[in-house]
>>> print(open('protein-v6.pdb').read())   # PDB, C-alpha atoms
ATOM      1  CA  MET A   1     -19.577  -2.634  -1.481
ATOM      2  CA  MET A   2     -16.469  -0.445  -1.777
ATOM      3  CA  ILE A   3     -14.218  -3.302  -0.737
ATOM      4  CA  GLU A   4     -15.801  -5.718  -3.196
ATOM      5  CA  GLY A   5     -15.414  -3.092  -5.920
ATOM      6  CA  LEU A   6     -11.744  -2.697  -5.142
ATOM      7  CA  GLN A   7     -11.331  -6.464  -5.126
ATOM      8  CA  LYS A   8     -12.591  -6.399  -8.703
ATOM      9  CA  GLY A   9      -9.757  -3.983  -9.510
ATOM     10  CA  GLN A  10     -11.748  -0.752  -9.766
ATOM     11  CA  PRO A  11      -9.555   2.096  -8.485
ATOM     12  CA  ASP A  12     -12.526   4.485  -8.028
ATOM     13  CA  PHE A  13     -13.429   2.582  -4.908
ATOM     14  CA  LEU A  14      -9.952   3.180  -3.584
ATOM     15  CA  GLN A  15     -10.690   6.883  -3.552
ATOM     16  CA  GLU A  16     -13.826   6.318  -1.489
ATOM     17  CA  LEU A  17     -12.001   4.089   0.953
ATOM     18  CA  MET A  18      -9.197   6.615   1.252
ATOM     19  CA  LYS A  19     -11.654   9.397   2.022
ATOM     20  CA  ARG A  20     -13.039   7.366   4.874
ATOM     21  CA  TYR A  21     -10.018   5.640   6.338
ATOM     22  CA  ASN A  22      -6.990   7.741   5.409
ATOM     23  CA  PRO A  23      -7.111   9.821   8.621
ATOM     24  CA  LEU A  24      -6.817   6.598  10.641
ATOM     25  CA  VAL A  25      -3.839   5.433   8.549
ATOM     26  CA  TYR A  26      -2.243   8.844   8.912
ATOM     27  CA  ARG A  27      -2.661   8.895  12.675
ATOM     28  CA  ILE A  28      -1.312   5.352  13.108
ATOM     29  CA  LEU A  29       1.779   6.170  11.063
ATOM     30  CA  LEU A  30       2.236   9.402  12.967
ATOM     31  CA  ARG A  31       3.152   7.236  15.969
ATOM     32  CA  PHE A  32       6.207   5.965  14.085
ATOM     33  CA  CYS A  33       7.242   8.746  11.778
ATOM     34  CA  ARG A  34       7.280  12.466  12.294
ATOM     35  CA  LEU A  35       8.999  13.600   9.116
ATOM     36  CA  ARG A  36       6.594  15.017   6.578
ATOM     37  CA  GLN A  37       8.097  13.460   3.461
ATOM     38  CA  ASP A  38       8.583  10.042   5.028
ATOM     39  CA  LEU A  39       5.095  10.092   6.507
ATOM     40  CA  ASP A  40       3.583  10.918   3.100
ATOM     41  CA  ASP A  41       5.523   8.041   1.541
ATOM     42  CA  LEU A  42       4.369   5.627   4.222
ATOM     43  CA  VAL A  43       0.734   6.645   3.818
ATOM     44  CA  GLN A  44       0.977   6.148   0.062
ATOM     45  CA  GLU A  45       2.755   2.833   0.451
ATOM     46  CA  THR A  46       0.005   1.633   2.783
ATOM     47  CA  TRP A  47      -2.661   2.285   0.144
ATOM     48  CA  VAL A  48      -0.583   0.747  -2.636
ATOM     49  CA  LYS A  49      -0.330  -2.382  -0.501
ATOM     50  CA  VAL A  50      -4.071  -2.263   0.124
ATOM     51  CA  PHE A  51      -4.697  -2.158  -3.634
ATOM     52  CA  PHE A  52      -2.517  -5.164  -4.376
ATOM     53  CA  LYS A  53      -3.435  -7.233  -1.328
ATOM     54  CA  ILE A  54      -7.172  -6.579  -1.123
ATOM     55  CA  ASP A  55      -7.830  -9.971  -2.749
ATOM     56  CA  LYS A  56      -6.458 -11.646   0.346
ATOM     57  CA  LEU A  57      -9.002  -9.942   2.611
ATOM     58  CA  LYS A  58     -11.631 -12.588   3.260
ATOM     59  CA  LYS A  59     -13.791 -10.675   5.736
ATOM     60  CA  PRO A  60     -14.680  -7.231   4.381
ATOM     61  CA  GLU A  61     -16.125  -6.288   7.780
ATOM     62  CA  SER A  62     -12.663  -6.471   9.316
ATOM     63  CA  PHE A  63     -11.205  -4.074   6.732
ATOM     64  CA  LYS A  64     -10.469  -1.397   9.332
ATOM     65  CA  SER A  65      -8.272  -3.694  11.448
ATOM     66  CA  TRP A  66      -6.670  -5.194   8.336
ATOM     67  CA  LEU A  67      -5.816  -1.729   7.036
ATOM     68  CA  GLY A  68      -4.522  -0.681  10.440
ATOM     69  CA  ASN A  69      -2.367  -3.800  10.516
ATOM     70  CA  ILE A  70      -0.742  -2.886   7.187
ATOM     71  CA  ALA A  71      -0.052   0.671   8.363
ATOM     72  CA  TYR A  72       1.239  -0.567  11.732
ATOM     73  CA  HIS A  73       3.718  -2.988  10.152
ATOM     74  CA  LEU A  74       4.939  -0.378   7.705
ATOM     75  CA  GLY A  75       5.532   1.882  10.693
ATOM     76  CA  ILE A  76       7.448  -0.848  12.511
ATOM     77  CA  ASP A  77       9.534  -1.554   9.385
ATOM     78  CA  TYR A  78      10.260   2.151   9.070
ATOM     79  CA  LEU A  79      11.603   2.261  12.617
ATOM     80  CA  LYS A  80      13.727  -0.820  11.970
ATOM     81  CA  GLN A  81      15.108   0.483   8.672
ATOM     82  CA  ASP A  82      18.191   2.306   9.820
ATOM     83  CA  LYS A  83      19.573   4.790  12.251
ATOM     84  CA  LYS A  84      19.486   7.522   9.649
ATOM     85  CA  ASN A  85      15.745   7.946  10.069
ATOM     86  CA  LYS A  86      16.045   8.247  13.816
ATOM     87  CA  ALA A  87      18.835  10.793  13.517
ATOM     88  CA  ARG A  88      16.742  12.845  11.109
ATOM     89  CA  GLN A  89      13.772  12.674  13.433
ATOM     90  CA  GLN A  90      15.868  13.784  16.395
ATOM     91  CA  ASN A  91      17.171  16.723  14.383
ATOM     92  CA  GLY A  92      13.569  17.713  13.885
ATOM     93  CA  GLU A  93      13.839  17.890  10.102
ATOM     94  CA  GLU A  94      10.407  18.967   8.872
ATOM     95  CA  PHE A  95       8.960  17.904  12.167
ATOM     96  CA  ILE A  96       5.227  17.479  12.225
ATOM     97  CA  ALA A  97       3.724  19.027  15.307
ATOM     98  CA  GLN A  98       0.249  19.323  13.889
ATOM     99  CA  GLU A  99      -1.437  16.995  16.325
ATOM    100  CA  ALA A 100      -0.321  18.919  19.405
ATOM    101  CA  GLN A 101      -2.161  21.981  18.095
ATOM    102  CA  VAL A 102      -5.548  20.274  18.137
ATOM    103  CA  PHE A 103      -5.654  20.292  21.916
ATOM    104  CA  ASP A 104      -7.107  23.458  23.398
ATOM    105  CA  LYS A 105      -6.550  22.823  27.073
ATOM    106  CA  ASP A 106      -3.077  22.932  28.649
ATOM    107  CA  LEU A 107      -3.855  19.762  30.559
ATOM    108  CA  HIS A 108      -4.529  17.946  27.300
ATOM    109  CA  LYS A 109      -1.331  19.276  25.761
ATOM    110  CA  MET A 110       0.724  18.170  28.761
ATOM    111  CA  THR A 111      -0.891  14.750  28.802
ATOM    112  CA  TYR A 112      -0.207  14.353  25.106
ATOM    113  CA  GLU A 113       3.430  15.342  25.580
ATOM    114  CA  GLU A 114       3.732  12.608  28.166
ATOM    115  CA  ILE A 115       2.052  10.067  25.891
ATOM    116  CA  LEU A 116       4.630  10.865  23.220
ATOM    117  CA  LYS A 117       7.408  10.034  25.671
ATOM    118  CA  LEU A 118       6.073   6.510  26.190
ATOM    119  CA  ASP A 119       7.399   3.532  24.267
ATOM    120  CA  ASN A 120       5.786   3.084  20.831
ATOM    121  CA  ARG A 121       3.903  -0.046  21.910
ATOM    122  CA  TYR A 122       2.140   1.842  24.702
ATOM    123  CA  GLN A 123       1.571   4.910  22.550
ATOM    124  CA  VAL A 124      -0.101   2.845  19.841
ATOM    125  CA  ALA A 125      -2.233   0.874  22.282
ATOM    126  CA  LEU A 126      -3.380   3.960  24.200
ATOM    127  CA  THR A 127      -4.114   6.099  21.154
ATOM    128  CA  LEU A 128      -5.960   3.328  19.334
ATOM    129  CA  PHE A 129      -8.055   2.546  22.390
ATOM    130  CA  PHE A 130      -8.842   6.019  23.707
ATOM    131  CA  PHE A 131      -8.384   8.305  20.717
ATOM    132  CA  GLU A 132      -9.624   6.084  17.907
ATOM    133  CA  GLY A 133     -12.189   4.252  20.021
ATOM    134  CA  LEU A 134     -11.149   0.809  18.808
ATOM    135  CA  SER A 135     -11.933  -2.338  20.775
ATOM    136  CA  TYR A 136      -9.340  -4.623  22.393
ATOM    137  CA  GLU A 137      -9.957  -7.182  19.648
ATOM    138  CA  GLU A 138      -9.391  -4.666  16.873
ATOM    139  CA  ILE A 139      -6.185  -3.413  18.486
ATOM    140  CA  SER A 140      -5.005  -7.034  18.853
ATOM    141  CA  GLU A 141      -5.585  -7.589  15.144
ATOM    142  CA  ILE A 142      -3.813  -4.381  14.161
ATOM    143  CA  THR A 143      -0.772  -4.979  16.337
ATOM    144  CA  ASP A 144      -0.690  -8.779  15.937
ATOM    145  CA  THR A 145      -0.692  -9.297  19.685
ATOM    146  CA  LYS A 146      -2.751 -11.499  21.949
ATOM    147  CA  LEU A 147      -5.877 -10.033  23.503
ATOM    148  CA  ASN A 148      -4.457 -10.221  27.027
ATOM    149  CA  THR A 149      -1.216  -8.577  25.914
ATOM    150  CA  THR A 150      -3.202  -5.707  24.425
ATOM    151  CA  LYS A 151      -5.167  -5.305  27.644
ATOM    152  CA  SER A 152      -2.002  -5.265  29.712
ATOM    153  CA  LEU A 153      -0.307  -2.802  27.333
ATOM    154  CA  ILE A 154      -3.199  -0.383  27.807
ATOM    155  CA  LYS A 155      -3.254  -0.904  31.573
ATOM    156  CA  ARG A 156       0.502  -0.526  31.916
ATOM    157  CA  GLY A 157       0.477   2.466  29.558
ATOM    158  CA  LYS A 158      -2.074   4.207  31.739
ATOM    159  CA  GLU A 159      -0.049   3.487  34.859
ATOM    160  CA  MET A 160       3.102   4.885  33.297
ATOM    161  CA  LEU A 161       1.209   7.929  32.094
ATOM    162  CA  LYS A 162      -0.184   8.492  35.544
ATOM    163  CA  GLU A 163       3.308   8.319  37.076
ATOM    164  CA  ARG A 164       4.630  10.789  34.539
ATOM    165  CA  LEU A 165       1.758  13.201  35.137
ATOM    166  CA  GLU A 166       2.261  13.002  38.883
ATOM    167  CA  LYS A 167       5.922  13.859  38.422
ATOM    168  CA  ARG A 168       4.829  16.973  36.585
ATOM    169  CA  GLY A 169       2.730  17.960  39.567
ATOM    170  CA  ILE A 170      -0.614  17.174  38.051
ATOM    171  CA  ALA A 171      -3.182  15.870  40.526
ATOM    172  CA  LEU A 172      -3.638  12.176  41.202
ATOM    173  CA  TRP A 173      -5.793  10.231  38.846
ATOM    174  CA  ASN A 174      -8.073   7.323  39.248
ATOM    175  CA  ILE A 175      -7.205   4.559  36.858
TER     176      ILE A 175
ATOM    177  CA  MET B   1     -10.312  14.267  40.993
ATOM    178  CA  GLU B   2     -10.821  13.603  37.351
ATOM    179  CA  HIS B   3     -10.699  10.148  35.889
ATOM    180  CA  LEU B   4      -7.781   9.471  33.550
ATOM    181  CA  ASP B   5      -9.945   7.419  31.229
ATOM    182  CA  SER B   6     -12.442  10.202  30.727
ATOM    183  CA  LEU B   7      -9.627  12.678  30.188
ATOM    184  CA  LEU B   8      -8.097  10.489  27.482
ATOM    185  CA  LYS B   9     -11.469   9.966  25.811
ATOM    186  CA  GLU B  10     -12.070  13.691  25.884
ATOM    187  CA  MET B  11      -8.678  14.190  24.267
ATOM    188  CA  GLY B  12      -9.679  11.643  21.640
ATOM    189  CA  THR B  13     -12.471  13.935  20.436
ATOM    190  CA  SER B  14      -9.934  16.673  19.730
ATOM    191  CA  TYR B  15      -7.452  14.177  18.316
ATOM    192  CA  GLN B  16      -9.910  13.192  15.587
ATOM    193  CA  LYS B  17      -9.162  16.587  14.039
ATOM    194  CA  VAL B  18      -5.659  15.353  13.148
ATOM    195  CA  THR B  19      -6.038  14.589   9.469
ATOM    196  CA  PRO B  20      -3.676  14.698   6.478
ATOM    197  CA  ASP B  21      -3.630  18.143   4.922
ATOM    198  CA  ARG B  22      -3.624  16.892   1.349
ATOM    199  CA  ASN B  23      -5.230  14.298  -0.882
ATOM    200  CA  PHE B  24      -3.006  11.295  -1.509
ATOM    201  CA  TYR B  25      -5.264   9.563  -4.020
ATOM    202  CA  TYR B  26      -3.551  10.659  -7.247
ATOM    203  CA  ASP B  27      -0.088   9.918  -5.867
ATOM    204  CA  VAL B  28      -1.276   6.479  -4.826
ATOM    205  CA  LEU B  29      -2.816   5.932  -8.260
ATOM    206  CA  LYS B  30       0.490   6.827  -9.944
ATOM    207  CA  LYS B  31       2.361   4.400  -7.727
ATOM    208  CA  VAL B  32      -0.194   1.657  -8.387
ATOM    209  CA  GLU B  33       0.160   2.160 -12.147
ATOM    210  CA  ALA B  34       3.954   2.174 -11.921
ATOM    211  CA  LYS B  35       3.892  -1.042  -9.930
ATOM    212  CA  GLN B  36       1.494  -2.669 -12.378
ATOM    213  CA  ALA B  37       3.750  -1.671 -15.295
ATOM    214  CA  GLN B  38       6.709  -3.153 -13.447
ATOM    215  CA  LYS B  39       4.790  -6.385 -12.890
ATOM    216  CA  ASN B  40       3.906  -6.505 -16.588
ATOM    217  CA  ASN B  41       7.537  -5.950 -17.537
ATOM    218  CA  ASN B  42       8.570  -8.781 -15.268
ATOM    219  CA  ARG B  43       5.943 -10.962 -16.900
ATOM    220  CA  ILE B  44       7.142 -10.182 -20.433
ATOM    221  CA  PHE B  45      10.742 -10.839 -19.442
ATOM    222  CA  GLY B  46       9.548 -14.106 -17.969
ATOM    223  CA  ILE B  47       7.806 -15.087 -21.212
ATOM    224  CA  ILE B  48      10.818 -14.108 -23.353
ATOM    225  CA  GLY B  49      13.126 -15.922 -20.946
ATOM    226  CA  SER B  50      10.955 -19.056 -21.086
ATOM    227  CA  ILE B  51      10.936 -18.999 -24.896
ATOM    228  CA  LEU B  52      14.715 -18.609 -24.998
ATOM    229  CA  ILE B  53      15.188 -21.433 -22.512
ATOM    230  CA  ILE B  54      12.895 -23.746 -24.504
ATOM    231  CA  LEU B  55      14.624 -22.770 -27.729
ATOM    232  CA  GLY B  56      18.044 -23.276 -26.168
ATOM    233  CA  GLY B  57      16.934 -26.618 -24.795
ATOM    234  CA  ILE B  58      15.745 -27.777 -28.210
ATOM    235  CA  ILE B  59      18.937 -26.645 -29.927
ATOM    236  CA  PHE B  60      21.278 -28.131 -27.353
ATOM    237  CA  SER B  61      19.404 -31.418 -27.120
ATOM    238  CA  ASN B  62      19.662 -31.801 -30.887
ATOM    239  CA  ILE B  63      23.122 -30.406 -31.382
ATOM    240  CA  GLY B  64      24.414 -33.762 -32.549
ATOM    241  CA  LYS B  65      21.836 -33.847 -35.296
ATOM    242  CA  PHE B  66      23.256 -30.714 -36.899
ATOM    243  CA  VAL B  67      25.857 -32.981 -38.377
ATOM    244  CA  GLN B  68      23.100 -34.838 -40.184
ATOM    245  CA  MET B  69      21.464 -31.612 -41.348
ATOM    246  CA  GLY B  70      20.227 -31.953 -44.870
ATOM    247  CA  SER B  71      19.191 -35.526 -44.545
ATOM    248  CA  TYR B  72      15.539 -36.391 -45.153
ATOM    249  CA  PHE B  73      14.690 -37.146 -41.477
ATOM    250  CA  SER B  74      16.350 -34.115 -39.825
ATOM    251  CA  LEU B  75      14.661 -31.665 -42.204
ATOM    252  CA  TYR B  76      11.224 -32.808 -41.034
ATOM    253  CA  VAL B  77      12.293 -32.717 -37.411
ATOM    254  CA  TYR B  78      13.419 -29.102 -37.670
ATOM    255  CA  LEU B  79      10.331 -28.092 -39.628
ATOM    256  CA  PHE B  80       8.222 -29.608 -36.892
ATOM    257  CA  TYR B  81      10.141 -27.731 -34.179
ATOM    258  CA  GLY B  82       9.819 -24.527 -36.169
ATOM    259  CA  PHE B  83       6.045 -24.892 -36.473
ATOM    260  CA  ALA B  84       5.714 -25.820 -32.832
ATOM    261  CA  LEU B  85       7.626 -22.728 -31.780
ATOM    262  CA  MET B  86       5.651 -20.437 -34.072
ATOM    263  CA  ALA B  87       2.382 -21.907 -32.780
ATOM    264  CA  PHE B  88       3.557 -21.420 -29.236
ATOM    265  CA  ILE B  89       4.407 -17.755 -29.844
ATOM    266  CA  PHE B  90       1.169 -17.201 -31.789
ATOM    267  CA  MET B  91      -0.969 -18.700 -29.034
ATOM    268  CA  GLY B  92       0.890 -16.651 -26.486
ATOM    269  CA  LEU B  93       0.234 -13.424 -28.394
ATOM    270  CA  ILE B  94      -3.449 -14.195 -28.833
ATOM    271  CA  THR B  95      -4.014 -14.995 -25.190
ATOM    272  CA  THR B  96      -2.112 -11.963 -23.951
ATOM    273  CA  GLN B  97      -3.563  -9.301 -26.223
ATOM    274  CA  ASN B  98      -4.793  -7.191 -23.323
ATOM    275  CA  PHE B  99      -1.494  -7.638 -21.623
ATOM    276  CA  ILE B 100       0.403  -6.353 -24.690
ATOM    277  CA  HIS B 101      -2.106  -3.522 -24.964
ATOM    278  CA  ASN B 102      -1.288  -2.506 -21.419
ATOM    279  CA  ILE B 103       2.427  -2.658 -22.002
ATOM    280  CA  LEU B 104       2.640  -0.818 -25.282
ATOM    281  CA  GLY B 105       0.081   1.736 -24.300
ATOM    282  CA  GLN B 106      -3.075   2.769 -26.043
ATOM    283  CA  LYS B 107      -1.449   5.319 -28.330
ATOM    284  CA  LEU B 108       1.092   2.924 -29.787
ATOM    285  CA  MET B 109      -1.522   0.215 -30.201
ATOM    286  CA  ARG B 110      -3.737   2.670 -32.075
ATOM    287  CA  GLN B 111      -0.835   3.455 -34.412
ATOM    288  CA  ILE B 112      -0.207  -0.213 -35.027
ATOM    289  CA  ASN B 113      -3.850  -1.047 -35.626
ATOM    290  CA  SER B 114      -4.917   1.966 -37.714
ATOM    291  CA  HIS B 115      -4.712   1.383 -41.447
ATOM    292  CA  SER B 116      -5.309   4.239 -43.821
ATOM    293  CA  CYS B 117      -7.053   2.310 -46.547
ATOM    294  CA  PHE B 118      -6.323   3.872 -49.958
ATOM    295  CA  PHE B 119      -9.649   2.916 -51.549
ATOM    296  CA  THR B 120     -11.785   4.215 -48.726
ATOM    297  CA  THR B 121     -10.008   7.569 -48.502
ATOM    298  CA  HIS B 122      -9.793   7.920 -52.268
ATOM    299  CA  GLU B 123     -13.530   7.418 -52.730
ATOM    300  CA  ASN B 124     -14.535   9.553 -49.767
ATOM    301  CA  PRO B 125     -12.210  12.575 -49.295
ATOM    302  CA  GLU B 126     -14.000  13.487 -46.046
ATOM    303  CA  LEU B 127     -12.302  10.565 -44.384
ATOM    304  CA  LYS B 128      -8.887  12.123 -45.029
ATOM    305  CA  LYS B 129      -9.705  14.909 -42.620
ATOM    306  CA  VAL B 130     -10.224  12.330 -39.898
TER     307      VAL B 130
END
>>> encode(input="protein-v6.pdb", output="structure tokens")
Amino acid sequence: MMIEGLQKGQPDFLQELMKRYNPLVYRILLRFCRLRQDLDDLVQETWVKVFFKIDKLKKPESFKSWLGNIAYHLGIDYLKQDKKNKARQQNGEEFIAQEAQVFDKDLHKMTYEEILKLDNRYQVALTLFFFEGLSYEEISEITDTKLNTTKSLIKRGKEMLKERLEKRGIALWNI
Amino acid sequence: MEHLDSLLKEMGTSYQKVTPDRNFYYDVLKKVEAKQAQKNNNRIFGIIGSILIILGGIIFSNIGKFVQMGSYFSLYVYLFYGFALMAFIFMGLITTQNFIHNILGQKLMRQINSHSCFFTTHENPELKKV
């Protein structure tokens, strides 16, 4: 209903869609960008793209993956842009550390720190699967990867995480 | 020994609390409008460019006939071209009324379209207040 409304060019439906899906967009882009201003711009750019490209969405039921795909590619493009962004991120300019504060337990905080040290591909796959509760198929659509590649990214990501946690002296885990 | 999967899923519950701390809707709306205005500008430049190209094409293809200007035949040819061009522009304006409305903005369009009719206001002074 909301998607069809937006396809007819009614911006009110955009507001409804943003209410529902903006946290997902925000969290996906957080994997690529940790500067407040840049992150805000990327979130806005994602929704502007949604508004102008919604006509091309043929299956409204796959809106979530389609939206995630737009955000994911904007994140990738942001990383590719130039070295300036990376330098700014390393300097910690307006660094967003909001997500680390949501974890109450020390174990969770440590695990999250280790997740952040993984390569972006593993970070995205793990967070989308475990934190967002998306299926393998949905993650494949978002990241434009084959189903088996997605499965192996998650498996390998877990293995790497386990190794990192063991190095920090945290007990062995079943995977 | 806890299972890594269950730990990550448990973390996911807390992670859902990570949400943007402000509403982006109005910023997005502004950007959408700006982009639409830019698209409209591109369109109007395209139309003007097309008209100029057509006009240029007509002039250059008939440049030799300028020498004969004034003769009976060439006068009709140029009148015909003139009418064709005017019709083309007229049709274009009619079909893109909404488009022009969007570009010029509602306020300007209201100024263009509002006529203060002398007879109406003269007969009914109340209308002057409006």
>>> resolve_selection(input="protein-v6.pdb", expression="the PyMOL selection byres ((chain B and resi 9) around 10)", output="number ranges by chain")
A: 127, 129-133; B: 4-8, 10-15
>>> axis_aligned_box(input="protein-v6.pdb", around="region 33-40 of chain A", padding_each_side="6 Å", output="JSON")
{"center_x": 6.3, "center_y": 11.9, "center_z": 7.7, "size_x": 17.4, "size_y": 18.3, "size_z": 21.2}
>>> closest_residue(input="protein-v6.pdb", among="B:Val28, B:Leu85, B:Asp21, B:Tyr78", to="chain A", atoms="only C-alpha atoms")
B:Val28
>>> atom_distance(input="protein-v6.pdb", atom1="CA of Ile48 (chain B)", atom2="CA of Gly9 (chain A)")
26.8 Å
>>> resolve_selection(input="protein-v6.pdb", expression="the ChimeraX specification (/B :<9) & /A", output="ChimeraX atom specification")
/A:11,14-15,18-19,22-24,26-27,40,43-45,47-49,51-52,98-104,108,111-112,126-127,129-133,158,162,171-175
>>> closest_residue(input="protein-v6.pdb", among="A:Met2, A:Cys33, A:Val25, A:Leu161", to="Ile76 (chain A)", atoms="all atoms listed in the file")
A:Cys33
>>> atom_distance(input="protein-v6.pdb", atom1="CA of Asn120 (chain A)", atom2="CA of Arg164 (chain A)")
15.8 Å
>>> atom_distance(input="protein-v6.pdb", atom1="CA of Asp119 (chain A)", atom2="CA of Ile154 (chain A)")
11.8 Å
>>> resolve_selection(input="protein-v6.pdb", expression="the PyMOL selection byres ((chain B and resi 52-60) around 12)", output="PyMOL selection string")
chain B and resi 45-51+61-66+77-78+80-82+84-86+88-89
